[in-house]
>>> print(open('model-v6.cif').read())   # mmCIF, C-alpha atoms
data_final
#
loop_
_atom_site.label_atom_id
_atom_site.label_comp_id
_atom_site.auth_asym_id
_atom_site.auth_seq_id
_atom_site.Cartn_x
_atom_site.Cartn_y
_atom_site.Cartn_z
CA MET J 1 -10.98 12.13 171.85
CA ASN J 2 -12.55 9.68 174.28
CA ALA J 3 -11.77 9.24 177.97
CA HIS J 4 -9.33 6.38 177.36
CA GLU J 5 -7.30 8.44 174.88
CA MET J 6 -7.22 11.34 177.32
CA LEU J 7 -5.85 9.04 180.05
CA GLU J 8 -3.08 8.02 177.66
CA LEU J 9 -1.84 11.62 177.85
CA TRP J 10 -1.38 11.57 181.64
CA TRP J 11 2.37 12.00 181.21
CA THR J 12 1.99 15.50 179.81
CA VAL J 13 1.13 16.90 183.25
CA PRO J 14 4.29 15.86 185.19
CA ALA J 15 6.44 16.37 182.09
CA GLY J 16 5.06 19.88 181.61
CA LEU J 17 5.56 20.73 185.27
CA ALA J 18 9.14 19.45 185.16
CA LEU J 19 9.98 21.42 182.01
CA LEU J 20 8.39 24.56 183.42
CA GLY J 21 10.25 24.18 186.71
CA TYR J 22 13.64 23.56 185.09
CA GLY J 23 13.06 26.42 182.67
CA LEU J 24 12.32 28.83 185.50
CA SER J 25 15.36 27.51 187.39
CA LEU J 26 17.68 28.04 184.40
CA ALA J 27 16.28 31.53 183.96
CA GLY J 28 16.76 32.27 187.66
CA LEU J 29 13.07 33.03 188.14
CA THR J 30 12.03 30.55 190.85
CA ARG J 31 10.88 31.90 194.19
CA ALA J 32 14.01 30.59 195.90
CA GLN J 33 16.30 32.22 193.30
CA ARG J 34 14.48 35.55 193.44
CA ALA J 35 14.73 35.57 197.24
CA VAL J 36 17.53 37.18 199.21
CA TRP J 37 19.83 34.59 200.81
CA VAL J 38 21.87 35.62 203.86
CA ARG J 39 23.66 34.00 206.77
CA ALA J 40 21.93 34.38 210.13
CA ARG J 41 23.50 33.85 213.52
CA ILE J 42 21.74 32.57 216.63
CA ARG J 43 21.82 35.39 219.14
CA GLN J 44 19.91 33.65 221.95
CA VAL J 45 18.63 30.13 222.68
CA HIS J 46 15.32 29.78 224.55
CA ARG J 47 14.43 26.68 226.51
CA PRO J 48 11.35 24.85 225.12
CA ALA J 49 8.41 24.54 227.49
CA HIS J 50 8.03 21.17 229.20
CA GLY J 51 5.16 19.22 227.62
CA ALA J 52 5.04 21.36 224.48
CA SER J 53 5.15 19.94 220.94
CA LYS J 54 8.48 18.97 219.41
CA TYR J 55 7.62 20.35 215.97
CA PRO J 56 8.55 24.01 216.56
CA GLY J 57 12.01 22.76 217.49
CA ILE J 58 14.28 24.81 219.73
CA PRO J 59 13.08 28.44 219.91
CA VAL J 60 15.89 30.87 219.13
CA THR J 61 16.50 34.55 218.39
CA LEU J 62 18.23 35.09 215.05
CA ALA J 63 20.18 38.09 213.81
CA PHE J 64 20.89 38.77 210.12
CA GLN J 65 21.77 41.72 207.93
CA ASP J 66 19.93 42.87 204.82
CA PRO J 67 22.68 43.28 202.18
CA SER J 68 20.76 45.97 200.26
CA THR J 69 20.33 48.34 203.21
CA GLY J 70 22.95 47.13 205.67
CA ARG J 71 20.28 47.08 208.37
CA GLU J 72 20.45 44.32 210.99
CA PHE J 73 17.28 42.44 211.86
CA VAL J 74 16.79 40.49 215.09
CA ARG J 75 13.86 38.08 214.93
CA ARG J 76 12.64 35.22 217.09
CA ASN J 77 12.01 31.88 215.44
CA ALA J 78 10.08 28.98 216.96
CA GLY J 79 9.39 26.79 213.96
CA ARG J 80 7.07 29.29 212.27
CA HIS J 81 9.66 30.47 209.78
CA GLY J 82 10.92 27.60 207.65
CA ASP J 83 12.73 24.57 209.02
CA ALA J 84 12.58 23.75 212.73
CA ILE J 85 15.93 24.00 214.51
CA GLU J 86 16.66 20.89 216.58
CA GLU J 87 20.28 21.72 217.55
CA ALA J 88 20.89 25.23 218.81
CA TRP J 89 23.73 27.17 220.36
CA VAL J 90 24.67 30.84 220.49
CA GLY J 91 26.77 31.70 217.45
CA ARG J 92 25.52 28.94 215.16
CA GLU J 93 25.15 30.16 211.58
CA LEU J 94 22.14 29.22 209.46
CA ALA J 95 20.96 30.00 205.95
CA VAL J 96 17.97 32.36 205.78
CA ARG J 97 15.99 33.51 202.76
CA TYR J 98 13.24 36.09 202.33
CA PRO J 99 11.47 38.00 199.52
CA ARG J 100 13.41 41.06 198.41
CA GLY J 101 12.51 43.97 200.68
CA ARG J 102 10.52 41.75 203.10
CA PRO J 103 12.99 40.50 205.75
CA GLU J 104 10.16 39.98 208.24
CA ARG J 105 9.05 37.04 206.05
CA PHE J 106 12.34 35.19 206.53
CA ARG J 107 12.54 31.40 206.40
CA VAL J 108 15.27 29.19 207.86
CA ALA J 109 16.69 26.73 205.29
CA LEU J 110 18.68 23.91 206.87
CA HIS J 111 18.94 21.94 203.60
CA THR J 112 19.96 24.32 200.82
CA ALA J 113 21.24 21.88 198.16
CA GLU J 114 18.07 22.24 196.04
CA ASP J 115 16.37 25.13 197.83
CA ASP J 116 18.72 27.79 196.52
CA LYS J 117 18.31 26.52 192.92
CA GLY J 118 14.55 26.04 193.06
CA ARG J 119 14.74 22.51 191.61
CA GLY J 120 12.98 20.59 194.36
CA GLY J 121 9.57 20.79 192.64
CA PRO J 122 10.80 19.81 189.15
CA ASN J 123 12.76 16.89 190.60
CA CYS J 124 9.58 15.60 192.28
CA ALA J 125 7.72 15.93 188.96
CA VAL J 126 10.42 13.85 187.23
CA VAL J 127 10.08 11.12 189.87
CA LEU J 128 6.30 11.08 189.38
CA LEU J 129 6.84 10.86 185.62
CA LEU J 130 9.21 7.90 186.00
CA VAL J 131 6.93 6.03 188.40
CA GLY J 132 3.90 6.68 186.23
CA SER J 133 5.75 5.52 183.12
CA ILE J 134 6.74 2.27 184.81
CA VAL J 135 3.16 1.61 185.97
CA HIS J 136 1.83 2.45 182.51
CA ALA J 137 4.33 0.10 180.84
CA ALA J 138 3.51 -2.69 183.31
CA VAL J 139 -0.25 -2.39 182.66
CA ALA J 140 0.16 -2.15 178.90
CA ARG J 141 2.93 -4.71 178.35
CA GLY J 142 3.00 -7.01 181.38
CA TYR J 143 4.76 -7.49 184.69
CA PRO J 144 8.31 -7.92 183.25
CA TRP J 145 8.28 -4.20 182.58
CA ALA J 146 7.32 -3.58 186.19
CA LEU J 147 10.30 -5.64 187.36
CA LEU J 148 12.62 -3.93 184.90
CA GLY J 149 11.40 -0.41 185.62
CA PHE J 150 10.99 -0.50 189.38
CA GLY J 151 14.15 -2.58 189.78
CA ALA J 152 16.24 -0.10 187.80
CA LEU J 153 14.68 2.85 189.63
CA LEU J 154 15.35 1.26 193.04
CA ALA J 155 18.95 0.46 192.13
CA VAL J 156 19.64 3.98 190.87
CA VAL J 157 17.97 5.68 193.84
CA THR J 158 19.85 3.62 196.42
CA ALA J 159 23.18 3.99 194.60
CA ALA J 160 22.95 7.71 193.84
CA GLY J 161 20.84 8.80 196.80
CA PRO J 162 22.25 10.65 199.82
CA ASP J 163 21.31 8.02 202.43
CA LEU J 164 24.49 5.95 202.22
CA ARG J 165 26.72 9.05 202.18
CA THR J 166 24.85 10.49 205.16
CA VAL J 167 25.21 7.33 207.23
CA ARG J 168 28.91 6.96 206.44
CA SER J 169 29.60 10.63 207.10
CA ARG J 170 27.82 10.49 210.45
CA ASP J 171 29.68 7.32 211.41
CA ALA J 172 33.01 8.94 210.50
CA LEU J 173 32.23 12.04 212.56
CA LEU J 174 31.21 9.98 215.59
CA SER J 175 34.42 7.93 215.37
CA SER J 176 36.14 10.84 217.13
CA ALA J 177 33.20 11.66 219.40
CA VAL J 178 33.76 13.42 222.71
CA ALA J 179 31.75 12.40 225.78
CA VAL J 180 30.37 15.14 228.05
CA PRO J 181 27.77 15.22 230.84
CA ALA J 182 24.29 16.41 229.93
CA GLN J 183 20.87 16.87 231.47
CA VAL J 184 17.27 16.59 230.27
CA VAL J 185 15.76 20.05 230.84
CA ALA J 186 12.32 19.44 229.26
CA VAL J 187 10.34 16.72 227.53
CA ALA J 188 8.28 17.49 224.43
CA ARG J 189 4.95 15.66 224.17
CA ASN J 190 2.98 14.85 221.03
CA VAL J 191 -0.23 12.85 220.82
CA TYR J 192 -1.22 10.90 217.69
CA THR J 193 -4.26 8.77 216.85
CA ASP J 194 -3.82 5.45 215.08
CA GLY J 195 -6.22 3.85 212.62
CA GLU J 196 -8.25 2.27 215.42
CA GLY J 197 -8.74 5.53 217.28
CA ASP J 198 -6.23 4.81 220.06
CA GLU J 199 -3.96 7.58 221.26
CA ILE J 200 -0.19 7.23 220.91
CA VAL J 201 1.93 9.56 223.02
CA VAL J 202 5.48 10.30 221.85
CA HIS J 203 7.95 11.96 224.23
CA THR J 204 11.07 13.73 222.98
CA PRO J 205 13.62 14.86 225.58
CA VAL J 206 15.26 18.27 225.32
CA VAL J 207 18.89 17.90 226.39
CA CYS J 208 21.50 20.53 227.29
CA PHE J 209 25.25 19.93 227.35
CA THR J 210 28.39 22.04 227.27
CA ALA J 211 31.01 21.26 224.64
CA HIS J 212 34.66 21.31 225.59
CA GLU J 213 35.04 24.72 223.95
CA GLY J 214 32.51 26.10 226.42
CA THR J 215 29.62 26.24 223.96
CA GLU J 216 26.25 25.48 225.58
CA VAL J 217 24.21 23.30 223.21
CA THR J 218 20.47 22.52 223.37
CA VAL J 219 19.18 19.60 221.30
CA LEU J 220 16.11 17.46 220.72
CA VAL J 221 17.00 13.80 221.27
CA ARG J 222 14.66 11.46 219.39
CA GLU J 223 16.45 8.19 220.21
CA GLY J 224 18.82 6.71 222.75
CA ILE J 225 17.17 7.73 226.03
CA PRO J 226 15.19 4.97 227.80
CA GLU J 227 11.74 5.87 229.19
CA PRO J 228 11.83 9.36 227.67
CA GLY J 229 8.50 10.32 229.26
CA ARG J 230 10.09 10.04 232.71
CA SER J 231 13.45 11.55 231.85
CA LEU J 232 12.92 15.15 233.03
CA GLY J 233 15.92 16.21 235.12
CA ARG J 234 17.87 13.03 234.32
CA GLU J 235 21.63 13.32 234.04
CA LEU J 236 23.25 11.41 231.20
CA THR J 237 26.21 11.40 228.79
CA VAL J 238 26.18 12.84 225.29
CA HIS J 239 28.73 11.89 222.63
CA TYR J 240 29.19 14.67 220.06
CA ALA J 241 31.42 15.25 217.04
CA PRO J 242 33.89 18.07 217.79
CA SER J 243 33.82 19.27 214.16
CA ASP J 244 30.01 19.28 213.90
CA LEU J 245 27.86 19.89 216.97
CA THR J 246 24.73 18.79 215.08
CA VAL J 247 26.05 15.20 215.15
CA TYR J 248 25.51 13.63 218.59
CA THR J 249 24.09 10.59 220.34
CA CYS J 250 23.25 9.48 223.85
CA ASP J 251 24.11 5.83 223.08
CA LEU J 252 27.24 5.50 220.96
CA ALA J 253 27.12 1.69 220.74
CA ALA J 254 23.47 1.69 219.65
CA GLU J 255 24.24 4.43 217.12
CA ARG J 256 26.97 2.33 215.54
CA ARG J 257 24.70 -0.71 215.37
CA SER J 258 21.99 1.41 213.79
CA ASN J 259 24.41 2.77 211.19
CA GLU J 260 25.55 -0.76 210.33
CA ARG J 261 21.93 -1.86 209.91
CA SER J 262 21.21 1.16 207.71
CA VAL J 263 24.16 0.39 205.45
CA GLY J 264 23.04 -3.25 205.26
CA VAL J 265 19.49 -2.27 204.31
CA ILE J 266 20.73 0.10 201.60
CA ILE J 267 22.99 -2.59 200.13
CA MET J 268 20.15 -5.14 200.20
CA LEU J 269 17.82 -2.72 198.44
CA PHE J 270 20.41 -2.09 195.74
CA ILE J 271 20.92 -5.85 195.23
CA ALA J 272 17.16 -6.40 195.10
CA GLY J 273 16.76 -3.61 192.55
CA ALA J 274 19.59 -4.93 190.39
CA ALA J 275 18.23 -8.49 190.57
CA ALA J 276 14.72 -7.34 189.62
CA THR J 277 16.18 -5.43 186.67
CA VAL J 278 18.03 -8.48 185.40
CA VAL J 279 15.00 -10.75 185.83
CA GLY J 280 12.71 -8.26 184.12
CA ALA J 281 15.08 -7.86 181.19
CA ALA J 282 15.40 -11.66 180.85
CA LEU J 283 11.62 -12.09 180.75
CA LEU J 284 11.05 -9.55 177.97
#
>>> encode(input="model-v6.cif", output="structure tokens")
Amino acid sequence: MNAHEMLELWWTVPAGLALLGYGLSLAGLTRAQRAVWVRARIRQVHRPAHGASKYPGIPVTLAFQDPSTGREFVRRNAGRHGDAIEEAWVGRELAVRYPRGRPERFRVALHTAEDDKGRGGPNCAVVLLLVGSIVHAAVARGYPWALLGFGALLAVVTAAGPDLRTVRSRDALLSSAVAVPAQVVAVARNVYTDGEGDEIVVHTPVVCFTAHEGTEVTVLVREGIPEPGRSLGRELTVHYAPSDLTVYTCDLAAERRSNERSVGVIIMLFIAGAAATVVGAALL
């Protein structure tokens, strides 16, 4: 077998990984499925240091109980154990997983739809297989296959993906938003370097507000605050969803315009994908 024939078998790698991943998932043998999943509760919220990085999120102290022993564990988390927490308040419940018998190795899981089934890796392998197949077909049979393949893939992803549902759900929650006073208590600072070697400084305000139920909430606000680098100590207004404290904005009008633009972009991408599919099929 020469090198060209070996390259023709590229698909076996992502296909094999996908089959292996789905097989382990069905057998309940993935790392996520073998782990212990429990609900943790935020016991204490710690204020982030002014000028620190935004990536650790809001440092908190979590409390959870090991179901096998009944022992309660209280551990501090500052982004080193799983997902960073960007909205924190005392009493908030979060999903936590850890290897059986090793609760000190806990990890916060904010998005558990695929994590608890262990199918995130196999799903990525399937996407790579589809993209590779489309590229292979386009090279071997011509550009109409590229239009047909990538158009169909784009249309399916935009129609079945979670983006549109997320935008509409957020917009619905903010339709009954409550306005409360808030204050910037710290500003996170991150420095990046662009392709030309210039430094780009990104500031992310840390905002505290008290919900009408008396819950004190600390959040990282990525958008909606003008001149964020100079916002320390600034008083402002936060609009939050009463049924979900993780949904909030400092500029309700701008949020609505952004949601409308997002819906428009998703619809345009779907139309473009469908049109490319039709054109590709007609050119075959």
>>> resolve_selection(input="model-v6.cif", expression="the PyMOL selection byres ((chain J and resi 254-266) around 7)", output="CSV table (one decimal) with C-alpha atoms, keeping the file's coordinate frame")
chain,number,residue,atom,x,y,z
J,158,THR,CA,19.8,3.6,196.4
J,164,LEU,CA,24.5,6.0,202.2
J,167,VAL,CA,25.2,7.3,207.2
J,171,ASP,CA,29.7,7.3,211.4
J,249,THR,CA,24.1,10.6,220.3
J,251,ASP,CA,24.1,5.8,223.1
J,252,LEU,CA,27.2,5.5,221.0
J,253,ALA,CA,27.1,1.7,220.7
J,267,ILE,CA,23.0,-2.6,200.1
J,268,MET,CA,20.2,-5.1,200.2
J,269,LEU,CA,17.8,-2.7,198.4
J,270,PHE,CA,20.4,-2.1,195.7
>>> closest_residue(input="model-v6.cif", among="J:Ala137, J:Ile225, J:Ala274, J:Leu128", to="Gly16 (chain J)", atoms="only C-alpha atoms")
J:Leu128
>>> closest_residue(input="model-v6.cif", among="J:Val184, J:Thr193, J:Tyr143, J:Leu17", to="Leu232 (chain J)", atoms="all atoms listed in the file")
J:Val184
>>> residues_around(input="model-v6.cif", residues="Thr218 (chain J)", least_positions_apart="6", cutoff="12 Å", atoms="only C-alpha atoms", output="compact mmCIF listing (two decimals) with C-alpha atoms, in the coordinates of the input")
# COMPACT_ATOMS: atom_id res chain seq x y z
CA GLN J 44 19.91 33.65 221.95
CA VAL J 45 18.63 30.13 222.68
CA HIS J 46 15.32 29.78 224.55
CA ARG J 47 14.43 26.68 226.51
CA PRO J 48 11.35 24.85 225.12
CA GLY J 57 12.01 22.76 217.49
CA ILE J 58 14.28 24.81 219.73
CA PRO J 59 13.08 28.44 219.91
CA VAL J 60 15.89 30.87 219.13
CA ILE J 85 15.93 24.00 214.51
CA GLU J 86 16.66 20.89 216.58
CA GLU J 87 20.28 21.72 217.55
CA ALA J 88 20.89 25.23 218.81
CA TRP J 89 23.73 27.17 220.36
CA VAL J 90 24.67 30.84 220.49
CA ARG J 92 25.52 28.94 215.16
CA ALA J 182 24.29 16.41 229.93
CA GLN J 183 20.87 16.87 231.47
CA VAL J 184 17.27 16.59 230.27
CA VAL J 185 15.76 20.05 230.84
CA ALA J 186 12.32 19.44 229.26
CA PRO J 205 13.62 14.86 225.58
CA VAL J 206 15.26 18.27 225.32
CA VAL J 207 18.89 17.90 226.39
CA CYS J 208 21.50 20.53 227.29
CA PHE J 209 25.25 19.93 227.35
CA THR J 210 28.39 22.04 227.27
CA ALA J 211 31.01 21.26 224.64
CA VAL J 238 26.18 12.84 225.29
CA LEU J 245 27.86 19.89 216.97
CA THR J 246 24.73 18.79 215.08
CA TYR J 248 25.51 13.63 218.59
>>> residues_near_point(input="model-v6.cif", point="(10.3, 16.7, 189.6)", cutoff="9 Å", atoms="only C-alpha atoms", output="VMD selection string")
chain J and resid 14 to 15 17 to 19 21 to 22 119 to 129
>>> atom_distance(input="model-v6.cif", atom1="CA of Ala275 (chain J)", atom2="CA of Trp145 (chain J)")
13.5 Å
>>> closest_residue(input="model-v6.cif", among="J:Arg100, J:Val131, J:Leu9, J:Lys54", to="Arg34 (chain J)", atoms="all atoms listed in the file")
J:Arg100
>>> closest_residue(input="model-v6.cif", among="J:Thr277, J:Gly101, J:His212, J:Val180", to="His239 (chain J)", atoms="only C-alpha atoms")
J:Val180
>>> residues_around(input="model-v6.cif", residues="Ala84 (chain J)", least_positions_apart="5", cutoff="8 Å", atoms="all atoms listed in the file", output="ChimeraX atom specification")
/J:55-58,78-79,108
>>> resolve_selection(input="model-v6.cif", expression="the PyMOL selection byres ((chain J and resi 38) around 12)", output="PyMOL selection string")
chain J and resi 35-37+39-41+62-68+70+72-73+93-100+103+106-109+112+116
>>> atom_distance(input="model-v6.cif", atom1="CA of Gly82 (chain J)", atom2="CA of Thr69 (chain J)")
23.2 Å
>>> atom_distance(input="model-v6.cif", atom1="CA of Leu154 (chain J)", atom2="CA of Arg168 (chain J)")
19.9 Å
